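One structure is given here, and the rest of the page talks about it.
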There are 4 protein chains.
Amino acid sequence: MTTQTTIKVNFYDTDAMAVVHHANYIRWFEIGRVEFLREAGITLDELMNDGYVFPITEVSCKYLLPGKFDDVLVIETIPTALTQAKMAFDYKIIRSADGAVLVEGHTQNVFTNKKTGKITRLPEKYYTKLQAALK
Amino acid sequence: MTTQTTIKVNFYDTDAMAVVHHANYIRWFEIGRVEFLREAGITLDELMNDGYVFPITEVSCKYLLPGKFDDVLVIETIPTALTQAKMAFDYKIIRSADGAVLVEGHTQNVFTNKKTGKITRLPEKYYTKLQAALK
Amino acid sequence: MTTQTTIKVNFYDTDAMAVVHHANYIRWFEIGRVEFLREAGITLDELMNDGYVFPITEVSCKYLLPGKFDDVLVIETIPTALTQAKMAFDYKIIRSADGAVLVEGHTQNVFTNKKTGKITRLPEKYYTKLQAALK
Amino acid sequence: MTTQTTIKVNFYDTDAMAVVHHANYIRWFEIGRVEFLREAGITLDELMNDGYVFPITEVSCKYLLPGKFDDVLVIETIPTALTQAKMAFDYKIIRSADGAVLVEGHTQNVFTNKKTGKITRLPEKYYTKLQAALK
């Protein structure tokens, strides 16, 4: 399962070089990740209410082409590892107008207990959904 | 008591007009407000741990001159009302280089109970500090 | 003409009070304003390429109810003054689920010459479109 | 030459997990990079006025410990490659209170011609300063 989420570049996303500020793509990976989980049947609120948080442990991004104000972008989210311990995703952010890939990225999150902050294993009810989404 | 907090405009604070994006000043009022409370002997963490949150209810801002990348700015925070029910502040954000006022603003926060979300009155131990800061 | 633009609250829009950080609504007014202009037949890029910028001169906002992660919100943008010298808008940001108004706001922008930075009058070709949009 | 820049975590930097949102560290790397260049005798404005921009091409970050509201953080910026074609830096963001490393990261920027957008070589006057800073 790969998810595609469409966003539009807002004026406030730009910087004085008149392109999208590079930190925004890291935020947009989050949009893709959240949407992937939702399509897999898992919401962040549900996870958090159950006592799980999933801090990010790694992010990387290659910037190929600049995004501009008003660009329509597609965030493509591809799971690369979904275990009971962690989630890893690859991303492509694609300019809708011509299919050009603006950035490529990768993130990894781990599951932790909200109270103790310690790494924990995701219970079956969530894990089953993630596994189904990998197929 | 009036507090002055110095910040520097970062590149990521600018937009494609090559000036500070206007929403940032609203964030910077918060920096001034937090610093005012700290100088009055109150930290947000302490308030929150005691079960109080203080959502903002009003903000306004007049934009007089644009801020630029690398500008050193002084956030001047002036209390206009500090009661057991609410806090109101005026702000000036001043360009350090020449004293020019870039923006003038105003905010109002109310005290609410963290659990119920209902408006509440600030206990004496905090109120006394706020009153002392008004003199 | 009133425009309605739908957005979703992202996780990165929240703060440690677990609600939308208040400065984001000011950004979202911009989304509404840009969309209004587009529907009136004017794009920011076109205006900027023609040598016009339109800095914001005033913003105000009343916060009635907190937005939460994952809320679907409608930005309602209502023009209150569109002259050759300035644009003023009222905004309501409404929670889609129940129609509750989370915030109400107002902004004013003036038209300036990109090179000189001085206030200028918008040419007829744009003004005609704005006037049509007011009807 | 390694530079150290001190910042404080603002309330608006936090998210609903009550920690610093991870995209902010990517922004803070920029603060470190700008400060490094300044200490090397180069300002971004000077570079941009001379027709150079230096888009980021790669960023990566490992998140070790969460930052919290009000933390004082030190951004340590270590050059790993400064040529006429590109700049690469390593970063550590350190909690001032106890010296704990919260994140480690890396970025790469290339120099491009502002007008053509094409990769270009930095002129001697800047390169000499960068080389001096590497020693």
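Going through the structure tokens in order, the chains are called A, B, and so on, while each chain numbers its residues from 1 and the ligands are numbered from 1 in the order shown.
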Using only C-alpha atoms, determine which residues of chain D fall within 7 Å of chain A; present them as a PyMOL selection string.
chain D and resi 23+26-27+56-64
- Message: When DSSP is applied to the backbone of this structure, which of stretch 29-74 of chain D are assigned alpha helix (DSSP H)? Write them out as an NGL selection string.
- Response: :D and (29-39 or 44-49)
In Å and to one decimal, atom CA of A:Ile94 is distant from atom CA of D:Arg33 by 27.7 Å
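Atom CA of B:Ala18 is found 25.8 Å from atom CA of B:Gln4.
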(message) For D:Thr80, find every residue with an atom within 10 Å (counting only C-alpha atoms), except residues of its own chain fewer than 3 positions away, and show them as a list in words.
(response)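 Using only C-alpha atoms, the neighbours found are Thr77, Thr83, Met87, Ala88, Phe89, Asp90, His106, Thr107, Gln108 and Leu134 of chain D.
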(request) Taking the DSSP assignment computed from this structure's backbone, write out as a list in words all residues of stretch 48-77 of chain C that belong to strand (DSSP E). (result) Tyr52, Val53, Ile56, Thr57, Glu58, Val59, Ser60, Cys61, Lys62, Tyr63, Val72, Leu73, Val74, Ile75, Glu76 and Thr77 of chain C
Between D:Glu124, D:Glu76, D:Asp98, D:Asp13, smallest distance to D:Val34 by only C-alpha atoms belongs to D:Glu76
Would you kindly return, as an mmCIF file with N, CA, C and O atoms, in the first residue's frame, each protein, DNA or RNA residue with an atom no farther than 10 Å from any atom of D:Ala132, considering only C-alpha atoms and excluding same-chain residues fewer than 2 positions away?
```
data_model
loop_
_atom_site.group_PDB
_atom_site.id
_atom_site.type_symbol
_atom_site.label_atom_id
_atom_site.label_comp_id
_atom_site.auth_asym_id
_atom_site.auth_seq_id
_atom_site.Cartn_x
_atom_site.Cartn_y
_atom_site.Cartn_z
ATOM 1 N N MET D 1 37.312 25.439 12.560
ATOM 2 C CA MET D 1 36.390 26.333 13.278
ATOM 3 C C MET D 1 35.034 25.638 13.487
ATOM 4 O O MET D 1 34.450 25.131 12.527
ATOM 5 N N ALA D 40 32.744 33.277 9.730
ATOM 6 C CA ALA D 40 33.775 33.149 8.689
ATOM 7 C C ALA D 40 33.887 34.440 7.875
ATOM 8 O O ALA D 40 34.729 34.545 6.980
ATOM 9 N N GLY D 41 33.032 35.409 8.164
ATOM 10 C CA GLY D 41 33.113 36.701 7.477
ATOM 11 C C GLY D 41 32.210 36.825 6.268
ATOM 12 O O GLY D 41 32.372 37.724 5.438
ATOM 13 N N TYR D 127 35.595 32.090 -1.181
ATOM 14 C CA TYR D 127 36.230 30.797 -0.964
ATOM 15 C C TYR D 127 37.395 30.903 0.022
ATOM 16 O O TYR D 127 37.572 30.045 0.895
ATOM 17 N N THR D 128 38.180 31.959 -0.130
ATOM 18 C CA THR D 128 39.318 32.192 0.764
ATOM 19 C C THR D 128 38.856 32.257 2.228
ATOM 20 O O THR D 128 39.481 31.684 3.123
ATOM 21 N N LYS D 129 37.735 32.924 2.435
ATOM 22 C CA LYS D 129 37.197 33.036 3.801
ATOM 23 C C LYS D 129 36.747 31.677 4.331
ATOM 24 O O LYS D 129 36.975 31.338 5.496
ATOM 25 N N LEU D 130 36.087 30.914 3.464
ATOM 26 C CA LEU D 130 35.636 29.582 3.879
ATOM 27 C C LEU D 130 36.824 28.688 4.222
ATOM 28 O O LEU D 130 36.816 27.985 5.235
ATOM 29 N N LEU D 134 37.995 26.731 7.808
ATOM 30 C CA LEU D 134 38.135 25.278 7.966
ATOM 31 C C LEU D 134 39.329 24.914 8.824
ATOM 32 O O LEU D 134 39.417 23.817 9.362
ATOM 33 N N LYS D 135 40.289 25.851 8.934
ATOM 34 C CA LYS D 135 41.533 25.522 9.656
ATOM 35 C C LYS D 135 41.328 25.563 11.158
ATOM 36 O O LYS D 135 40.473 26.254 11.645
#
```
Closest of C:Lys92, C:Ile31, C:Val101, C:Gln84 to A:Phe69, counting only C-alpha atoms, is C:Ile31
A straight line from atom CA of D:Asp70 to atom CA of B:Thr43 spans 9.2 Å
With distances taken over only C-alpha atoms, the candidate from C:Val110, C:Leu47, C:Ile42, C:Val72 nearest C:Lys8 is C:Val72
